[in-house]
Amino acid sequence: MLAAAAVKGRIKSRPRLPPLASPATTSTCAPAPAATARRGSHAAASQVVSHASLLLRLQSCPDFQEARRLHAAVLVGGHGHGTVLVAQLVRAYAKLGDVAHALRVFDGMPRRNSFAWNAVIKGLVDAGRFSEALEMFWGMVNDGSVAVDGFTYPPVIKACAALGAVAQGRKVWEMVEADIASGNARPNVFVQCALVDMFAKCGCLDEARNVFESMQVRDLAAWTAMIGGTVHSGNWLEVVDLFNHMRSEGFGVDSLIAATVISACGRAGELQVGTALHGCAVKSGASGDIYVSNALVDMYCKCGCVEMADCLFWSTNSKDVVSWSSLIVGYSQNGMHNVSVSLFCEMISLGINPNSSTLASILPCLSVLKLIRSGKEIHCFSIRHGLERSEFVVSALIDLYSKQGLIRVAETIFWLTLDKDLAIWNSMVAGYAVNGYSDSAFCALRLLQKVGLKPDHVTVVSVLPLCNQHHMLIQGKELHAYVIKYCINSVCSVNNALLDMYCKCGFLEVAKEVFQLMTERNTVTYNILISSFGKHNHEDQALSFFDLMKRDGIAPDKVTFVALLSCCSHAGLIDKGLHLYHSMLHDYNISPEKEHYSCIVDLYSRCGKLDEAWCFMSNMAEEPEIDVLGGLLAACRVHNRMDIAELVGKRIFEQNPNDPGYHILLSNIYADAGMWSDVTRIRTMIQERNLKKETGNSLT
């Protein structure tokens, strides 16, 4: 209230400037008495017509010059001290974006009605001068000469949303509720929509939901505000639920809400809902809207349907830079980096200039493909076109150079960037971590806090892998405490990083405690636990985690079955391992890769079933890796199977004739069997090929 009183005093004490001069006022002379007498009978009528004409023209004023002419006419006609026309003049200037003239006219008004207050407040909001708009609003409240109405609140609430001034927004909400309770106003759908939008954008979803649920009439605008606010908060599943609820109440789909919800479906992985929305957009004719088509491309890419996204992209007549960027990043997200680069080159050849988002999308592809020269060319392009200051481009460049081992170049870009946001700091911290510079990473972490930034979940996930060794566990525990203190422990990726740290340091029970407190779990969560408990010979618990994974409805992936098969192999659970392998093929339709083949061969070998191992390996769709063959060869020595050892040795020598280790292993197998002639043959082969076993090194 003190601030409001100060505002009130400022407005009242501001010197009233003279009305804007006009040519008409300087050239008009006082009328002669005779002329006045001749006009006597028609004066009142002409004044009414003049007033009505000016009112109509002010309401539809097309440009600033016309506003100036009408302003002069108002003054010449003697209406400068009236309220209605001058209030319309304030509105005309504000609507045309000339807030300075609107404020000047407003200050010159002897009496201000609610129309004038509302016009100047809305003009300030439209001009992005949100703080001044709120000051003007509280000045209006404290002035007390006019009442705040339903036209006042929406722009004021919009200003609160833009500034994140949720405390002032709550005060406005209290005023709205008080007006309704006292009977001075009825519920206004525009005010309620603005409140929903403001609370949602400020992260107060519960209050946004309360306002939304209290609305007696919810139109499409109300649903759009609630859904848009939820999108702003990043709660994608809630967005999809709201959309389904809206549809159940019989509302149609327009282009704005379609684009909003389709984007949310992509982020939430809701392909079925997104596809249904695609159909709704086609039926309603909204699919031709470029925002909708871009959202569809993005959604299909995020859901893994790149072919559908590509088909939709090329069938769209109007494509902008966002369209190209969406498909480029879509291919990148699905691991098709070569296609992303080709698409980017085609975009350039068609004369479409990329923006900062496009460059930030293509740079990670160049990093994965190790095309550092092309990355430097993109860097130069960004400098020539003034895009090098974009936080997206800076982060991507730091990431590119860091992953190529050029950490000093990344540092140079980092320190030359004047305005460093948290994303840029995160990229630098991650760059140090990727290159193993633990001290530099933690130093950067402390520095970003000194400059007033607060580490988020991305920062924590970047640093935690450095704490996967015993001597760094203390720093890991400090990060764990930070996660709990600042409520980041609801983020699944953070908990997964904590699980990985404790498991790799051998603290399996602590890892289980972290797991039990997790509110959200994904495939990576269970992969870490199954792999870690299997490596520490806790096969029963590893398999129980897999059962829990199935009960939670989380689908396993290739990594899950590698961990399971490896666990069964080390525990000698051949029947369970083979059952899991067949389940992977038939129940989950996962095609086996070299890692799975290796586990099955190892599983047979450890159990002494070398005939089955050789048969399985002979029928593999891919050539077995040298390590798989080596494992089987070692098993042949343990179980004294010379027949299979010779077959395996032949395959090894064909694949890798220059590896002395396997030659020596086969020689030792022959020696154990007393086959000295074969021992001599192998050792002669080693000498003829000048093969030497590398000398081992010890850190002690």
# chains A, B, ... in the order shown; residues from 1 in each chain; ligands from 1
>>> residues_around(residues="Ala225 of chain A", least_positions_apart="3", cutoff="6 Å", atoms="only C-alpha atoms", output="list in words")
Cys193, Asp197, Ala222, Gly228 and Gly229 of chain A
>>> write_last_selection(atoms="C-alpha atoms", output="short mmCIF file (atom, residue, chain, number, x, y, z; two decimals), in the first residue's frame")
data_model
loop_
_atom_site.label_atom_id
_atom_site.label_comp_id
_atom_site.auth_asym_id
_atom_site.auth_seq_id
_atom_site.Cartn_x
_atom_site.Cartn_y
_atom_site.Cartn_z
CA CYS A 193 -8.71 -16.52 -18.35
CA ASP A 197 -2.68 -17.76 -17.67
CA ALA A 222 -10.42 -20.52 -21.06
CA GLY A 228 -1.08 -22.84 -22.63
CA GLY A 229 -0.12 -22.11 -19.04
#
>>> residues_around(residues="Ser60 of chain A", least_positions_apart="3", cutoff="12 Å", atoms="only C-alpha atoms", output="ChimeraX atom specification")
/A:53-57,63-64,66-67,70,88-89,91-93,95-96
>>> write_last_selection(atoms="N, CA and C atoms", output="compact mmCIF listing (two decimals), in the first residue's frame")
# COMPACT_ATOMS: atom_id res chain seq x y z
N SER A 53 -19.65 13.45 -34.36
CA SER A 53 -18.74 13.14 -35.46
C SER A 53 -17.33 12.85 -34.95
N LEU A 54 -16.88 13.68 -34.03
CA LEU A 54 -15.55 13.46 -33.46
C LEU A 54 -15.46 12.13 -32.72
N LEU A 55 -16.52 11.80 -32.01
CA LEU A 55 -16.53 10.54 -31.27
C LEU A 55 -16.39 9.34 -32.20
N LEU A 56 -17.15 9.37 -33.30
CA LEU A 56 -17.09 8.26 -34.26
C LEU A 56 -15.71 8.17 -34.92
N ARG A 57 -15.17 9.32 -35.28
CA ARG A 57 -13.87 9.33 -35.96
C ARG A 57 -12.74 8.91 -35.02
N ASP A 63 -4.56 6.23 -38.18
CA ASP A 63 -3.12 6.44 -38.09
C ASP A 63 -2.83 7.65 -37.19
N PHE A 64 -1.55 7.88 -36.96
CA PHE A 64 -1.15 8.94 -36.04
C PHE A 64 -1.49 10.33 -36.57
N GLU A 66 -3.97 11.23 -38.46
CA GLU A 66 -5.40 11.47 -38.26
C GLU A 66 -5.69 11.77 -36.79
N ALA A 67 -4.98 11.08 -35.91
CA ALA A 67 -5.17 11.33 -34.48
C ALA A 67 -4.78 12.77 -34.13
N LEU A 70 -7.57 15.07 -35.36
CA LEU A 70 -8.74 14.98 -34.49
C LEU A 70 -8.47 15.65 -33.14
N GLN A 88 -11.43 9.20 -25.30
CA GLN A 88 -11.29 8.51 -26.58
C GLN A 88 -9.98 8.88 -27.27
N LEU A 89 -9.56 10.12 -27.07
CA LEU A 89 -8.28 10.55 -27.64
C LEU A 89 -7.11 9.81 -27.00
N ARG A 91 -7.28 6.84 -25.74
CA ARG A 91 -7.35 5.47 -26.29
C ARG A 91 -6.77 5.42 -27.70
N ALA A 92 -7.08 6.43 -28.52
CA ALA A 92 -6.60 6.44 -29.91
C ALA A 92 -5.07 6.47 -29.95
N TYR A 93 -4.46 7.35 -29.15
CA TYR A 93 -2.99 7.41 -29.12
C TYR A 93 -2.40 6.10 -28.60
N LYS A 95 -3.73 3.10 -28.63
CA LYS A 95 -3.95 2.01 -29.58
C LYS A 95 -2.97 2.07 -30.74
N LEU A 96 -2.56 3.29 -31.11
CA LEU A 96 -1.60 3.47 -32.20
C LEU A 96 -0.15 3.28 -31.74
>>> residues_around(residues="segment 531-540 of chain A", least_positions_apart="6", cutoff="12 Å", atoms="only C-alpha atoms", output="short mmCIF file (atom, residue, chain, number, x, y, z; two decimals) with C-alpha atoms, in the first residue's frame")
data_model
loop_
_atom_site.label_atom_id
_atom_site.label_comp_id
_atom_site.auth_asym_id
_atom_site.auth_seq_id
_atom_site.Cartn_x
_atom_site.Cartn_y
_atom_site.Cartn_z
CA LEU A 499 22.06 -44.30 -8.54
CA ASP A 500 24.95 -44.74 -10.95
CA MET A 501 27.35 -42.96 -8.60
CA TYR A 502 26.47 -44.99 -5.51
CA CYS A 503 26.43 -48.28 -7.43
CA LYS A 504 29.84 -47.69 -9.01
CA CYS A 505 31.24 -46.78 -5.59
CA GLY A 506 29.82 -50.02 -4.18
CA PHE A 507 27.13 -48.46 -1.96
CA LEU A 508 24.28 -50.63 -3.22
CA GLU A 509 22.09 -50.17 -0.17
CA ALA A 511 21.36 -46.77 -4.14
CA LYS A 512 18.30 -48.82 -3.13
CA VAL A 524 17.64 -46.19 -17.50
CA THR A 525 16.79 -46.44 -13.78
CA PHE A 546 13.45 -56.77 -13.72
CA ASP A 547 10.18 -58.17 -12.35
CA VAL A 559 20.73 -52.55 -22.67
CA THR A 560 18.35 -54.16 -20.17
CA PHE A 561 18.81 -57.59 -21.73
CA VAL A 562 22.58 -57.22 -22.00
CA ALA A 563 22.63 -56.58 -18.24
CA LEU A 564 20.26 -59.51 -17.55
CA LEU A 565 22.14 -61.97 -19.76
CA SER A 566 25.48 -60.91 -18.30
CA CYS A 567 24.07 -61.41 -14.80
CA CYS A 568 22.82 -64.91 -15.66
CA SER A 569 26.15 -65.75 -17.30
CA HIS A 570 28.20 -64.80 -14.22
CA ALA A 571 25.77 -66.63 -11.93
CA GLY A 572 25.63 -69.77 -14.12
CA LEU A 573 21.85 -69.45 -14.60
CA LYS A 576 17.03 -68.39 -16.92
CA GLY A 577 19.42 -66.70 -19.34
#
>>> select_by_dssp(residues="segment 485-525 of chain A", states="alpha helix (DSSP H)", output="ChimeraX atom specification")
/A:485,492-504,508-517,523-525
>>> residues_around(residues="Leu366 of chain A", least_positions_apart="5", cutoff="12 Å", atoms="only C-alpha atoms", output="PyMOL selection string")
chain A and resi 332+335-342+344+359-361+371-379+396-397+399-401+403-404
>>> closest_residue(among="A:Leu296, A:Ala72, A:Met347, A:Ile626", to="Ala276 of chain A", atoms="only C-alpha atoms")
A:Leu296
>>> closest_residue(among="A:Pro455, A:Pro465, A:Gly631, A:Pro364", to="Asn435 of chain A", atoms="only C-alpha atoms")
A:Pro465
>>> residues_around(residues="Gly649 of chain A", least_positions_apart="6", cutoff="8 Å", atoms="only C-alpha atoms", output="list of chain:residue names")
A:Leu633, A:Tyr662, A:Leu666
>>> atom_distance(atom1="atom CA of Ile682 of chain A", atom2="atom CA of Ser667 of chain A")
6.0 Å
>>> atom_distance(atom1="atom CA of Ala119 of chain A", atom2="atom CA of Leu256 of chain A")
27.3 Å
>>> residues_around(residues="Ser131 of chain A", least_positions_apart="6", cutoff="9 Å", atoms="only C-alpha atoms", output="PyMOL selection string")
chain A and resi 124-125+159-160+163
>>> write_last_selection(atoms="N, CA and C atoms", output="mmCIF file, in the first residue's frame")
data_model
loop_
_atom_site.group_PDB
_atom_site.id
_atom_site.type_symbol
_atom_site.label_atom_id
_atom_site.label_comp_id
_atom_site.auth_asym_id
_atom_site.auth_seq_id
_atom_site.Cartn_x
_atom_site.Cartn_y
_atom_site.Cartn_z
ATOM 1 N N LEU A 124 0.237 0.931 -22.029
ATOM 2 C CA LEU A 124 1.527 0.633 -21.418
ATOM 3 C C LEU A 124 1.851 -0.855 -21.507
ATOM 4 N N VAL A 125 0.850 -1.683 -21.290
ATOM 5 C CA VAL A 125 1.061 -3.139 -21.376
ATOM 6 C C VAL A 125 1.400 -3.538 -22.800
ATOM 7 N N ALA A 159 0.376 -7.981 -17.209
ATOM 8 C CA ALA A 159 1.624 -7.359 -16.755
ATOM 9 C C ALA A 159 2.236 -8.145 -15.603
ATOM 10 N N CYS A 160 1.403 -8.621 -14.687
ATOM 11 C CA CYS A 160 1.891 -9.448 -13.568
ATOM 12 C C CYS A 160 2.541 -10.725 -14.093
ATOM 13 N N LEU A 163 5.989 -9.979 -15.689
ATOM 14 C CA LEU A 163 7.031 -9.649 -14.706
ATOM 15 C C LEU A 163 7.255 -10.767 -13.700
#
>>> residues_around(residues="Val166 of chain A", least_positions_apart="5", cutoff="8 Å", atoms="only C-alpha atoms", output="PDB file with C-alpha atoms, in the first residue's frame")
ATOM      1  CA  CYS A 160       1.891  -9.448 -13.568  1.00  0.00           C
ATOM      2  CA  ALA A 161       2.464 -12.552 -15.689  1.00  0.00           C
ATOM      3  CA  MET A 198      -0.831 -15.624 -15.122  1.00  0.00           C
ATOM      4  CA  PHE A 199      -0.755 -18.271 -12.372  1.00  0.00           C
ATOM      5  CA  CYS A 202       4.341 -18.116 -12.807  1.00  0.00           C
TER       6      CYS A 202
END
>>> atom_distance(atom1="atom CA of Val217 of chain A", atom2="atom CA of Ala116 of chain A")
29.3 Å
